[in-house]
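Visitor: My file is final-v5.cif. It has mmCIF, C-alpha atoms:
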```
data_upload
loop_
_atom_site.label_atom_id
_atom_site.label_comp_id
_atom_site.auth_asym_id
_atom_site.auth_seq_id
_atom_site.Cartn_x
_atom_site.Cartn_y
_atom_site.Cartn_z
CA MET A 1 0.00 0.00 0.00
CA PRO A 2 2.71 2.60 0.77
CA ASP A 3 3.96 1.95 -2.76
CA ASP A 4 0.82 3.55 -4.14
CA VAL A 5 1.48 6.80 -2.36
CA SER A 6 5.15 6.98 -3.26
CA ALA A 7 4.39 6.04 -6.85
CA ALA A 8 1.78 8.76 -7.04
CA ARG A 9 4.25 11.27 -5.63
CA GLU A 10 6.78 10.36 -8.30
CA THR A 11 4.20 11.01 -10.98
CA ARG A 12 3.47 14.40 -9.50
CA VAL A 13 7.14 15.39 -9.68
CA SER A 14 7.71 14.27 -13.26
CA GLU A 15 4.98 15.91 -15.31
CA THR A 16 6.00 14.15 -18.50
CA PRO A 17 5.60 10.46 -17.78
CA PRO A 18 8.40 8.30 -19.11
CA GLY A 19 8.02 4.84 -20.57
CA GLU A 20 5.00 2.88 -21.65
CA PRO A 21 1.41 3.79 -20.79
CA ILE A 22 0.13 2.05 -17.68
CA VAL A 23 -2.67 -0.49 -18.10
CA SER A 24 -5.39 0.29 -15.56
CA ARG A 25 -6.20 -3.32 -14.68
CA GLN A 26 -2.62 -4.44 -14.10
CA GLY A 27 -0.29 -3.96 -11.16
CA PRO A 28 -1.89 -2.04 -8.29
CA GLY A 29 -5.06 -1.79 -10.38
CA ARG A 30 -5.48 -5.55 -10.08
CA LEU A 31 -5.47 -5.30 -6.28
CA LEU A 32 -7.91 -2.37 -6.36
CA ILE A 33 -10.34 -4.24 -8.64
CA GLY A 34 -10.15 -7.27 -6.33
CA ILE A 35 -10.91 -5.27 -3.19
CA TYR A 36 -13.66 -3.26 -4.93
CA THR A 37 -15.29 -6.50 -6.11
CA VAL A 38 -15.27 -8.03 -2.64
CA PHE A 39 -16.79 -4.84 -1.20
CA ALA A 40 -19.38 -4.62 -3.97
CA VAL A 41 -20.51 -8.19 -3.37
CA ALA A 42 -20.50 -7.79 0.41
CA ALA A 43 -22.37 -4.45 0.45
CA CYS A 44 -24.94 -5.50 -2.20
CA ALA A 45 -25.65 -8.84 -0.54
CA ARG A 46 -26.02 -7.26 2.88
CA ALA A 47 -28.22 -4.42 1.60
CA THR A 48 -30.43 -6.72 -0.48
CA TRP A 49 -31.11 -8.88 2.53
CA GLN A 50 -31.75 -5.94 4.87
CA ILE A 51 -34.06 -4.16 2.40
CA ALA A 52 -35.98 -7.35 1.66
CA THR A 53 -36.62 -8.27 5.28
CA ASP A 54 -36.34 -5.25 7.49
CA PHE A 55 -36.54 -2.08 5.37
CA ASP A 56 -38.66 -0.09 7.84
CA ALA A 57 -36.08 -0.39 10.63
CA ALA A 58 -33.60 1.95 8.95
CA PRO A 59 -34.62 2.94 5.41
CA LEU A 60 -31.89 5.56 5.02
CA ALA A 61 -29.07 3.33 6.25
CA TYR A 62 -30.13 0.36 4.14
CA SER A 63 -30.62 2.44 0.99
CA LEU A 64 -27.17 3.94 1.46
CA SER A 65 -25.63 0.49 1.84
CA ALA A 66 -27.23 -0.54 -1.45
CA LEU A 67 -26.02 2.65 -3.14
CA ALA A 68 -22.50 2.08 -1.79
CA GLY A 69 -22.54 -1.47 -3.16
CA LEU A 70 -23.54 -0.27 -6.63
CA ILE A 71 -20.87 2.43 -6.60
CA TYR A 72 -18.22 -0.15 -5.67
CA LEU A 73 -19.37 -2.30 -8.57
CA VAL A 74 -19.22 0.60 -11.06
CA ALA A 75 -15.75 1.54 -9.81
CA ALA A 76 -14.48 -2.05 -10.15
CA ILE A 77 -15.78 -2.36 -13.71
CA GLY A 78 -14.55 1.14 -14.62
CA ILE A 79 -11.00 0.40 -13.49
CA ALA A 80 -11.04 -3.03 -15.16
CA ARG A 81 -12.06 -1.66 -18.57
CA PRO A 82 -9.27 -0.19 -20.71
CA ASP A 83 -10.93 2.86 -22.29
CA ASN A 84 -10.79 6.43 -21.14
CA THR A 85 -14.56 6.89 -20.67
CA SER A 86 -14.65 3.95 -18.26
CA HIS A 87 -11.84 5.55 -16.27
CA VAL A 88 -13.78 8.82 -16.04
CA VAL A 89 -16.82 6.86 -14.81
CA ALA A 90 -14.61 5.05 -12.29
CA ALA A 91 -13.09 8.34 -11.11
CA VAL A 92 -16.56 9.84 -10.60
CA SER A 93 -17.57 6.71 -8.63
CA CYS A 94 -14.50 7.06 -6.44
CA ALA A 95 -15.23 10.76 -5.87
CA VAL A 96 -18.90 10.07 -4.97
CA GLU A 97 -17.70 7.29 -2.69
CA LEU A 98 -15.22 9.57 -0.94
CA ALA A 99 -17.87 12.29 -0.53
CA GLY A 100 -20.30 9.64 0.74
CA VAL A 101 -17.98 8.15 3.32
CA LEU A 102 -17.05 11.63 4.59
CA ALA A 103 -20.68 12.86 4.69
CA VAL A 104 -22.19 9.71 6.17
CA GLY A 105 -19.22 9.31 8.51
CA GLY A 106 -19.73 12.86 9.77
CA PHE A 107 -23.52 12.61 10.02
CA SER A 108 -23.34 9.27 11.84
CA LEU A 109 -21.33 10.99 14.55
CA ILE A 110 -23.38 14.23 14.72
CA ARG A 111 -26.85 12.73 14.17
CA PRO A 112 -26.69 9.05 15.20
CA ASP A 113 -30.52 8.99 15.28
CA LEU A 114 -30.55 9.08 11.44
CA PHE A 115 -28.57 5.83 11.34
CA PRO A 116 -30.02 3.35 13.84
CA GLU A 117 -28.40 0.56 11.84
CA ALA A 118 -24.80 0.70 10.66
CA THR A 119 -23.91 1.23 6.99
CA VAL A 120 -20.66 0.54 5.21
CA TRP A 121 -19.86 4.23 5.57
CA SER A 122 -20.88 4.81 9.21
CA HIS A 123 -18.10 6.25 11.40
CA PHE A 124 -15.92 6.61 8.29
CA GLY A 125 -16.02 2.85 7.62
CA GLU A 126 -14.80 1.90 11.09
CA GLY A 127 -16.59 -1.47 10.98
CA TYR A 128 -14.67 -2.36 7.82
CA GLY A 129 -11.19 -1.40 9.01
CA TYR A 130 -11.52 2.09 7.43
CA VAL A 131 -11.08 0.43 4.03
CA PRO A 132 -14.11 2.38 2.65
CA LEU A 133 -12.28 5.61 3.51
CA ILE A 134 -8.89 4.62 2.05
CA LEU A 135 -10.14 2.81 -1.06
CA PRO A 136 -11.52 5.83 -3.01
CA VAL A 137 -8.33 7.81 -2.35
CA LEU A 138 -6.17 4.97 -3.69
CA GLY A 139 -8.58 4.55 -6.61
CA LEU A 140 -8.34 8.23 -7.56
CA LEU A 141 -4.52 8.23 -7.25
CA TRP A 142 -4.28 5.14 -9.43
CA LEU A 143 -6.65 6.49 -12.09
CA ARG A 144 -4.70 9.75 -12.19
CA LYS A 145 -1.47 7.84 -12.64
CA VAL A 146 -2.98 5.82 -15.50
CA ARG A 147 -4.37 8.96 -17.12
CA ARG A 148 -1.03 10.77 -16.96
CA SER A 149 0.82 7.82 -18.43
CA THR A 150 -1.51 7.74 -21.44
CA ALA A 151 -1.96 11.52 -21.81
CA GLY A 152 1.03 11.83 -24.13
CA GLU A 153 -0.46 9.37 -26.61
CA ARG A 154 -3.86 10.97 -26.85
CA ASP A 155 -2.96 14.66 -27.07
CA MET B 1 -18.53 -22.83 14.14
CA ILE B 2 -15.87 -24.80 15.99
CA ASN B 3 -14.00 -22.09 17.85
CA TRP B 4 -10.52 -23.60 17.83
CA LEU B 5 -10.78 -24.50 14.15
CA THR B 6 -11.96 -21.05 13.05
CA SER B 7 -9.35 -19.30 15.20
CA SER B 8 -6.60 -21.51 13.78
CA ILE B 9 -7.70 -20.82 10.20
CA GLN B 10 -7.80 -17.08 10.91
CA LEU B 11 -4.31 -17.21 12.40
CA ILE B 12 -2.98 -19.13 9.38
CA ALA B 13 -4.70 -16.69 6.99
CA LEU B 14 -3.14 -13.72 8.79
CA LEU B 15 0.32 -15.34 8.82
CA LEU B 16 0.00 -15.98 5.09
CA ALA B 17 -1.09 -12.35 4.64
CA VAL B 18 2.03 -11.13 6.45
CA TRP B 19 4.22 -13.40 4.31
CA TYR B 20 2.56 -12.14 1.10
CA LEU B 21 2.90 -8.56 2.30
CA VAL B 22 6.63 -9.01 2.94
CA ASP B 23 7.05 -10.54 -0.53
CA THR B 24 5.03 -7.69 -2.05
CA LEU B 25 7.23 -5.10 -0.37
CA ARG B 26 10.30 -6.99 -1.63
CA LYS B 27 8.76 -6.70 -5.10
CA ARG B 28 8.61 -10.47 -5.61
CA PRO B 29 6.14 -11.87 -8.15
CA VAL B 30 3.97 -14.77 -7.01
CA SER B 31 6.22 -17.75 -6.27
CA ARG B 32 5.42 -21.44 -6.27
CA ALA B 33 5.68 -21.46 -2.46
CA ASN B 34 3.22 -18.53 -2.27
CA LEU B 35 0.72 -20.53 -4.31
CA ILE B 36 1.19 -23.69 -2.24
CA GLY B 37 0.39 -21.60 0.84
CA LEU B 38 -2.77 -20.33 -0.85
CA VAL B 39 -3.78 -23.86 -1.86
CA ALA B 40 -3.39 -24.90 1.80
CA LEU B 41 -5.68 -22.04 2.77
CA GLY B 42 -8.15 -23.20 0.12
CA VAL B 43 -8.16 -26.71 1.62
CA LEU B 44 -8.88 -25.19 5.05
CA MET B 45 -11.78 -23.26 3.49
CA LEU B 46 -13.21 -26.58 2.24
CA VAL B 47 -12.83 -28.03 5.76
CA GLN B 48 -14.69 -24.98 7.12
CA LEU B 49 -17.33 -25.46 4.43
CA VAL B 50 -17.95 -29.10 5.38
CA VAL B 51 -17.99 -28.31 9.12
CA SER B 52 -20.44 -25.45 8.55
CA ILE B 53 -22.78 -27.55 6.40
CA VAL B 54 -22.84 -30.28 9.05
CA GLN B 55 -23.56 -27.71 11.76
CA LEU B 56 -26.19 -25.87 9.71
CA VAL B 57 -28.25 -29.03 9.18
CA GLY B 58 -30.94 -29.02 11.83
CA GLN B 59 -30.74 -25.30 12.54
CA GLU B 60 -33.90 -23.32 12.00
CA ALA B 61 -33.81 -21.30 8.76
CA SER B 62 -33.44 -17.56 9.33
CA GLY B 63 -32.12 -14.38 7.72
CA ASP B 64 -28.91 -14.75 9.67
CA MET B 65 -28.46 -18.17 8.16
CA VAL B 66 -28.80 -16.77 4.63
CA MET B 67 -26.12 -14.18 5.43
CA PHE B 68 -23.91 -16.90 6.92
CA ILE B 69 -24.21 -19.06 3.80
CA GLY B 70 -23.41 -16.00 1.66
CA TYR B 71 -20.21 -15.37 3.58
CA LEU B 72 -19.37 -19.09 3.50
CA ALA B 73 -19.71 -19.16 -0.30
CA THR B 74 -17.56 -16.02 -0.54
CA ILE B 75 -14.63 -17.35 1.51
CA VAL B 76 -14.61 -20.59 -0.47
CA LEU B 77 -14.60 -18.66 -3.79
CA VAL B 78 -12.10 -15.92 -2.82
CA VAL B 79 -9.12 -18.29 -2.75
CA PRO B 80 -9.31 -19.79 -6.27
CA VAL B 81 -10.26 -16.40 -7.75
CA ALA B 82 -7.25 -14.78 -6.07
CA ALA B 83 -4.98 -17.60 -7.23
CA PHE B 84 -6.02 -17.02 -10.84
CA TRP B 85 -6.19 -13.22 -10.66
CA GLY B 86 -2.84 -12.99 -8.83
CA ARG B 87 -0.99 -15.49 -11.01
CA ILE B 88 -1.71 -13.75 -14.29
CA ASP B 89 0.03 -10.61 -13.02
CA ARG B 90 3.76 -11.02 -13.49
CA SER B 91 4.68 -8.22 -11.07
CA HIS B 92 4.73 -8.11 -7.27
CA TRP B 93 1.15 -6.81 -7.42
CA GLY B 94 0.06 -10.41 -8.00
CA THR B 95 1.47 -11.17 -4.55
CA ALA B 96 -0.48 -8.17 -3.21
CA VAL B 97 -3.69 -9.75 -4.55
CA LEU B 98 -2.89 -12.91 -2.57
CA CYS B 99 -2.31 -10.76 0.51
CA GLY B 100 -5.68 -9.07 0.01
CA ALA B 101 -7.39 -12.46 -0.34
CA ALA B 102 -5.84 -13.81 2.88
CA VAL B 103 -6.91 -10.68 4.83
CA THR B 104 -10.41 -10.95 3.32
CA VAL B 105 -10.72 -14.57 4.45
CA ALA B 106 -9.66 -13.68 8.01
CA ALA B 107 -12.07 -10.72 8.15
CA LEU B 108 -15.02 -12.68 6.74
CA LEU B 109 -14.42 -15.53 9.20
CA LEU B 110 -14.63 -12.97 12.00
CA ARG B 111 -17.98 -11.77 10.64
CA MET B 112 -19.19 -15.38 10.19
CA ASP B 113 -18.38 -16.10 13.82
CA GLN B 114 -20.48 -13.08 14.92
CA ILE B 115 -23.43 -14.22 12.75
CA TRP B 116 -23.06 -17.81 13.98
CA ARG B 117 -23.54 -16.61 17.55
CA MET B 118 -26.82 -14.96 16.47
CA ILE B 119 -27.95 -18.17 14.72
CA ILE B 120 -27.44 -20.40 17.76
CA ALA B 121 -28.68 -17.78 20.25
#
```
How would this structure read if it were set down as structure tokens?

Guide:
Amino acid sequence: MPDDVSAARETRVSETPPGEPIVSRQGPGRLLIGIYTVFAVAACARATWQIATDFDAAPLAYSLSALAGLIYLVAAIGIARPDNTSHVVAAVSCAVELAGVLAVGGFSLIRPDLFPEATVWSHFGEGYGYVPLILPVLGLLWLRKVRRSTAGERD
Amino acid sequence: MINWLTSSIQLIALLLAVWYLVDTLRKRPVSRANLIGLVALGVLMLVQLVVSIVQLVGQEASGDMVMFIGYLATIVLVVPVAAFWGRIDRSHWGTAVLCGAAVTVAALLLRMDQIWRMIIA
């Protein structure tokens, strides 16, 4: 994981990326897609079950869990696909996810009454080892690195 | 869940994760030994699967049980998927995928144990 950060810092220093364009689904991208897929499956399965059986207990929390699951899925597919449009979609997913985890994390601390049941994003993803908070940041850094490595070709 | 068995599997999964993490940081691609370790973890997942099926028979069906079976299916599938997905990457990031899979297995077993307590309560 620290490699991601240092790699991203290198890219920032050298504005003109040397060497071959980076393939989004290889290297660190492979790990990101794997983690996103696991989270997508986990969040969707959990939300589906909760909404089907017990929606009235916490409609907001359960809907958010379902939304989070879908966003994880879109991000995983977006990073896995090679084209630029998919990467933009993935980047937007990561940004929404980051905004979501910050907003829900904050609200769950200020207004716990809104979230009687935990979501993936409650308390900044505490129940999931803060992975939901770290994942979108790593996703955005990776997508930026991929974009910069291919920018020379396109322009 | 058999406590000692689940705890042992979690410990082994975490030890494997540490090993994979060290190899990732040393920029090693997936080695044969790495894969043998993952296969061993896969065998333990099958043991957990059989134990869970035996224990689930006779329990009253409930939402918790559906969740439990979902997690059970996931941990059994994570290992072969990671083996394939990690092996086709020729860089040290393949080893990182194995690390992620081992951590996932340990975390999901923790969650399964919590759900199991609700099922038998």

Visitor: Using Å and a single decimal, report how far atom CA of Gln48 of chain B sits from atom CA of Ser7 of chain B.

Guide: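 Pair atom CA of Ser7 of chain B / atom CA of Gln48 of chain B returns 11.2 Å.
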
Visitor: Quick one: residues within 9 Å of Leu46 of chain B, only C-alpha atoms, excluding same-chain residues fewer than 5 positions away - as a list of chain:residue names?

Guide: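 Here the qualifying residues turn out to be B:Leu41, B:Val51, B:Val76.
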
Visitor: Grab the atom CA of Ile79 of chain A to atom CA of Gly127 of chain A distance for me, in Å with one decimal place.

Guide: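 Atom CA of Gly127 of chain A lies 25.2 Å from atom CA of Ile79 of chain A.
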
Visitor: Here's the selection I'm unsure about, the PyMOL selection byres ((chain A) within 10 of (chain B)); applied to the file above, which residues does it give, as number ranges by chain?

Guide: A: 1-3, 25-35, 38-39, 41-42, 45-46, 49-50, 53, 128-129

Visitor: Tell me, in Å to one decimal, how far atom CA of Leu138 of chain A is from atom CA of Thr150 of chain A.

Guide: 18.6 Å

Visitor: Output the residue selection produced by the PyMOL selection byres ((chain A and resi 60) around 10) on the file above, formatted as a list in words.

Guide: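 Matching residues under the PyMOL selection byres ((chain A and resi 60) around 10) are Phe55, Asp56, Ala57, Ala58, Pro59, Ala61, Tyr62, Ser63, Leu64, Ser65, Leu114, Phe115, Pro116, Glu117 and Thr119 of chain A.
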
Visitor: Neighbours of Ser31 of chain B within 10 Å (all atoms listed in the file; same-chain residues fewer than 2 positions away dropped), as a PyMOL selection string?

Guide: chain B and resi 20+23+28-29+33-37+87+92+94-95

Visitor: Excluding Val105 of chain B and its own-chain neighbours fewer than 6 positions away, which residues fall within 8 Å of it when counting only C-alpha atoms? Please give them as number ranges by chain.

Guide: B: 10, 13, 75, 78

Visitor: Can you spell out as a ChimeraX atom specification the set of residues that the PyMOL selection byres ((chain A and resi 84-88) around 10) selects in the structure I just provided?

Guide: /A:24,74-75,77-83,89-94,140,143-144,146-147,150

Visitor: Save the residues we just selected, C-alpha atoms, as an mmCIF file, in the coordinates of the input?

Guide:
```cif
data_model
loop_
_atom_site.group_PDB
_atom_site.id
_atom_site.type_symbol
_atom_site.label_atom_id
_atom_site.label_comp_id
_atom_site.auth_asym_id
_atom_site.auth_seq_id
_atom_site.Cartn_x
_atom_site.Cartn_y
_atom_site.Cartn_z
ATOM 1 C CA SER A 24 -5.390 0.290 -15.560
ATOM 2 C CA VAL A 74 -19.220 0.600 -11.060
ATOM 3 C CA ALA A 75 -15.750 1.540 -9.810
ATOM 4 C CA ILE A 77 -15.780 -2.360 -13.710
ATOM 5 C CA GLY A 78 -14.550 1.140 -14.620
ATOM 6 C CA ILE A 79 -11.000 0.400 -13.490
ATOM 7 C CA ALA A 80 -11.040 -3.030 -15.160
ATOM 8 C CA ARG A 81 -12.060 -1.660 -18.570
ATOM 9 C CA PRO A 82 -9.270 -0.190 -20.710
ATOM 10 C CA ASP A 83 -10.930 2.860 -22.290
ATOM 11 C CA VAL A 89 -16.820 6.860 -14.810
ATOM 12 C CA ALA A 90 -14.610 5.050 -12.290
ATOM 13 C CA ALA A 91 -13.090 8.340 -11.110
ATOM 14 C CA VAL A 92 -16.560 9.840 -10.600
ATOM 15 C CA SER A 93 -17.570 6.710 -8.630
ATOM 16 C CA CYS A 94 -14.500 7.060 -6.440
ATOM 17 C CA LEU A 140 -8.340 8.230 -7.560
ATOM 18 C CA LEU A 143 -6.650 6.490 -12.090
ATOM 19 C CA ARG A 144 -4.700 9.750 -12.190
ATOM 20 C CA VAL A 146 -2.980 5.820 -15.500
ATOM 21 C CA ARG A 147 -4.370 8.960 -17.120
ATOM 22 C CA THR A 150 -1.510 7.740 -21.440
#
```

Visitor: Restricting the calculation to all atoms listed in the file: of A:Ile51, A:Ser122, A:Thr37, A:Glu20, which residue gets closest to Ile110 of chain A?

Guide: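 For Ile110 of chain A, the nearest of the candidates is A:Ser122.
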
Visitor: Just want the 12 Å neighbourhood of Glu60 of chain B, counted on only C-alpha atoms, with same-chain residues fewer than 5 positions away dropped. Output as a list in words.

Guide: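 The contact residues come out as Gln55, Met65, Val66, Met118, Ile119, Ile120 and Ala121 of chain B.
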
Visitor: Restricting the calculation to only C-alpha atoms: of B:Leu38, B:Leu72, B:Leu77, B:Val47, which residue gets closest to Arg111 of chain B?

Guide: B:Leu72
